[in-house]
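Asks: Sharing a structure with you now.
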Amino acid sequence: MEKRVLIIFIKNPILGKAKTRIAATEGDERALEIYEELLTHTHKVSLECTCERFVYYTYFIDEKDQWKSENFNKCMQAEGDLGQRMQAAFKDCLGLGAEKVLIIGSDCGALQASHIEMAFEGLANHDLVIGPAEDGGYYLMGMKKDDFFVFENKEWSTSGLLKATIKEIEEKQRSYHLLETLNDIDTIDDYNEWKGN
């Protein structure tokens with residue numbers, strides 16, 4: 001069976017460090033509650049997928065959290081900007097012999113296991129798979145080999161990220177597959193929309 005790997009980037013849930021845009025309007029404690037809810041959702045979704053899972057922490061590896069070591073390989077994110085950190089994680093997993101590698105964050109409440117399975121399937125016939133986010137970024141990136149140019153010289157957390165990434169993929173003459181567009185939870189309005197409030 002092919003080796004499929006799911007990388008999950010998370011921030012350690014620390015008061016004052018999580019969901020700063022929500023914290024600005026709702027306070028640090030509410031922002032942390034919402035982030036922990038998103039972590040639990042991402043944890044549940046990832047366990048429903050048939051793959052090996054690597055969870056990458058921002059600040060420290062927590063041995064006592066919900067990401068149990070029997071289901072998740074625990075790693076530290078590398079130094080650098082988001083692109084450098086993602087590239088390092090892909091390099092790790094491809095170096096271990098993974099044939100299809102995906103990365104997700106922990107901000108997308110609409111993400112389901114079916115999106116992850118469709119992404120793995122999309123890599124059968126395409127070089128790259130992207131899950132577009134409504135804010136112009138992406139909630140998922142997948143590849144089969146070291147197409148690391150997608151992580152280089154990008155304006156992270158901007159509305160033009162997806163467009164710039166696709167333009168470069170086309171210039172490099174790589175094939176790509178787009179998943180359904182989903183919304184990341186960045187503001188209290190995003191959260192209320194996810195919860196149907």
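Following the order of the structure tokens, chains are lettered A, B, ..., residues in each are numbered from 1, and ligands are numbered from 1.
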Among the residues of region 8-187 of chain A, find those DSSP assigns to strand (DSSP E or B) from the backbone and print them as a ChimeraX atom specification.
Replies: /A:8-10,52-57,73-76,100-104,128-133,138-143,176-178,182
Asks: Keeping C-alpha atoms, export the residues of the selection given above as a PDB file, in the first residue's frame.
Replies:
ATOM      1  CA  ILE A   8      -0.889  18.922  10.763  1.00  0.00           C
ATOM      2  CA  PHE A   9       0.520  22.305  11.807  1.00  0.00           C
ATOM      3  CA  ILE A  10      -0.761  23.463  15.186  1.00  0.00           C
ATOM      4  CA  GLU A  52       0.270   8.250   8.702  1.00  0.00           C
ATOM      5  CA  ARG A  53      -0.044  11.489  10.713  1.00  0.00           C
ATOM      6  CA  PHE A  54       2.596  13.974  11.799  1.00  0.00           C
ATOM      7  CA  VAL A  55       1.625  16.815  14.127  1.00  0.00           C
ATOM      8  CA  TYR A  56       4.045  19.743  14.146  1.00  0.00           C
ATOM      9  CA  TYR A  57       4.010  22.082  17.160  1.00  0.00           C
ATOM     10  CA  ASN A  73       4.195  11.367  15.196  1.00  0.00           C
ATOM     11  CA  LYS A  74       5.046  14.483  17.224  1.00  0.00           C
ATOM     12  CA  CYS A  75       7.525  16.992  15.802  1.00  0.00           C
ATOM     13  CA  MET A  76       8.647  20.579  16.208  1.00  0.00           C
ATOM     14  CA  LYS A 100       1.800  11.447  -1.142  1.00  0.00           C
ATOM     15  CA  VAL A 101       2.063  14.211   1.455  1.00  0.00           C
ATOM     16  CA  LEU A 102      -0.578  16.724   2.530  1.00  0.00           C
ATOM     17  CA  ILE A 103      -0.409  19.590   4.998  1.00  0.00           C
ATOM     18  CA  ILE A 104      -3.284  21.218   6.857  1.00  0.00           C
ATOM     19  CA  LEU A 128      -0.019  19.218  -6.590  1.00  0.00           C
ATOM     20  CA  VAL A 129      -3.348  19.544  -4.793  1.00  0.00           C
ATOM     21  CA  ILE A 130      -4.607  22.747  -3.170  1.00  0.00           C
ATOM     22  CA  GLY A 131      -7.569  23.431  -0.897  1.00  0.00           C
ATOM     23  CA  PRO A 132      -8.447  27.112  -1.502  1.00  0.00           C
ATOM     24  CA  ALA A 133      -9.556  29.252   1.425  1.00  0.00           C
ATOM     25  CA  TYR A 138      -5.267  27.852   1.218  1.00  0.00           C
ATOM     26  CA  TYR A 139      -6.201  25.356   3.937  1.00  0.00           C
ATOM     27  CA  LEU A 140      -4.440  22.364   2.340  1.00  0.00           C
ATOM     28  CA  MET A 141      -1.414  21.740   0.127  1.00  0.00           C
ATOM     29  CA  GLY A 142      -0.342  18.374  -1.208  1.00  0.00           C
ATOM     30  CA  MET A 143       2.519  17.044  -3.341  1.00  0.00           C
ATOM     31  CA  TYR A 176      -2.654  20.760 -10.058  1.00  0.00           C
ATOM     32  CA  HIS A 177      -6.070  19.912  -8.685  1.00  0.00           C
ATOM     33  CA  LEU A 178      -8.231  22.328  -6.669  1.00  0.00           C
ATOM     34  CA  LEU A 182     -13.608  26.487   2.475  1.00  0.00           C
TER      35      LEU A 182
END
Asks: Going by DSSP on the backbone, which residues of chain A come out as helix (DSSP H, G or I)? List them as JSON, numbers by chain.
Replies: {"A": [20, 21, 22, 23, 24, 25, 26, 28, 29, 30, 31, 32, 33, 34, 35, 36, 37, 38, 39, 40, 41, 42, 43, 44, 45, 46, 47, 82, 83, 84, 85, 86, 87, 88, 89, 90, 91, 92, 93, 94, 95, 113, 114, 115, 116, 117, 118, 119, 120, 121, 122, 148, 149, 150, 151, 161, 162, 163, 164, 165, 166, 167, 168, 169, 170, 171, 188, 189, 190, 191, 192, 193, 194, 195]}
Asks: Mind checking which residues fall within 12 Å of Asn183 (chain A), counting only C-alpha atoms, ignoring those fewer than 2 positions away in the same chain, and posting them as an MDAnalysis selection string?
Replies: chainID A and resid 106:111 131:140 180:181 185:187 189:194
Asks: Show which residues sit within 12 Å of Gly27 (chain A), as a PyMOL selection string. Count only C-alpha atoms, and ignore same-chain residues fewer than 3 positions away.
Replies: chain A and resi 15-24+30-34+187-188
Asks: Please, what distance in Å, to one decimal, runs between CA of Phe90 (chain A) and CA of Tyr35 (chain A)?
Replies: 24.5 Å
Asks: Take CA of Lys145 (chain A) and CA of Glu117 (chain A) and report the distance between them in Å, one decimal.
Replies: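 Interatomic distance here is 18.4 Å.
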Asks: Just checking: using only C-alpha atoms, which residue out of A:Leu94, A:Thr58, A:Ser175, A:Cys49 ends up closest to Gly122 (chain A)?
Replies: A:Ser175
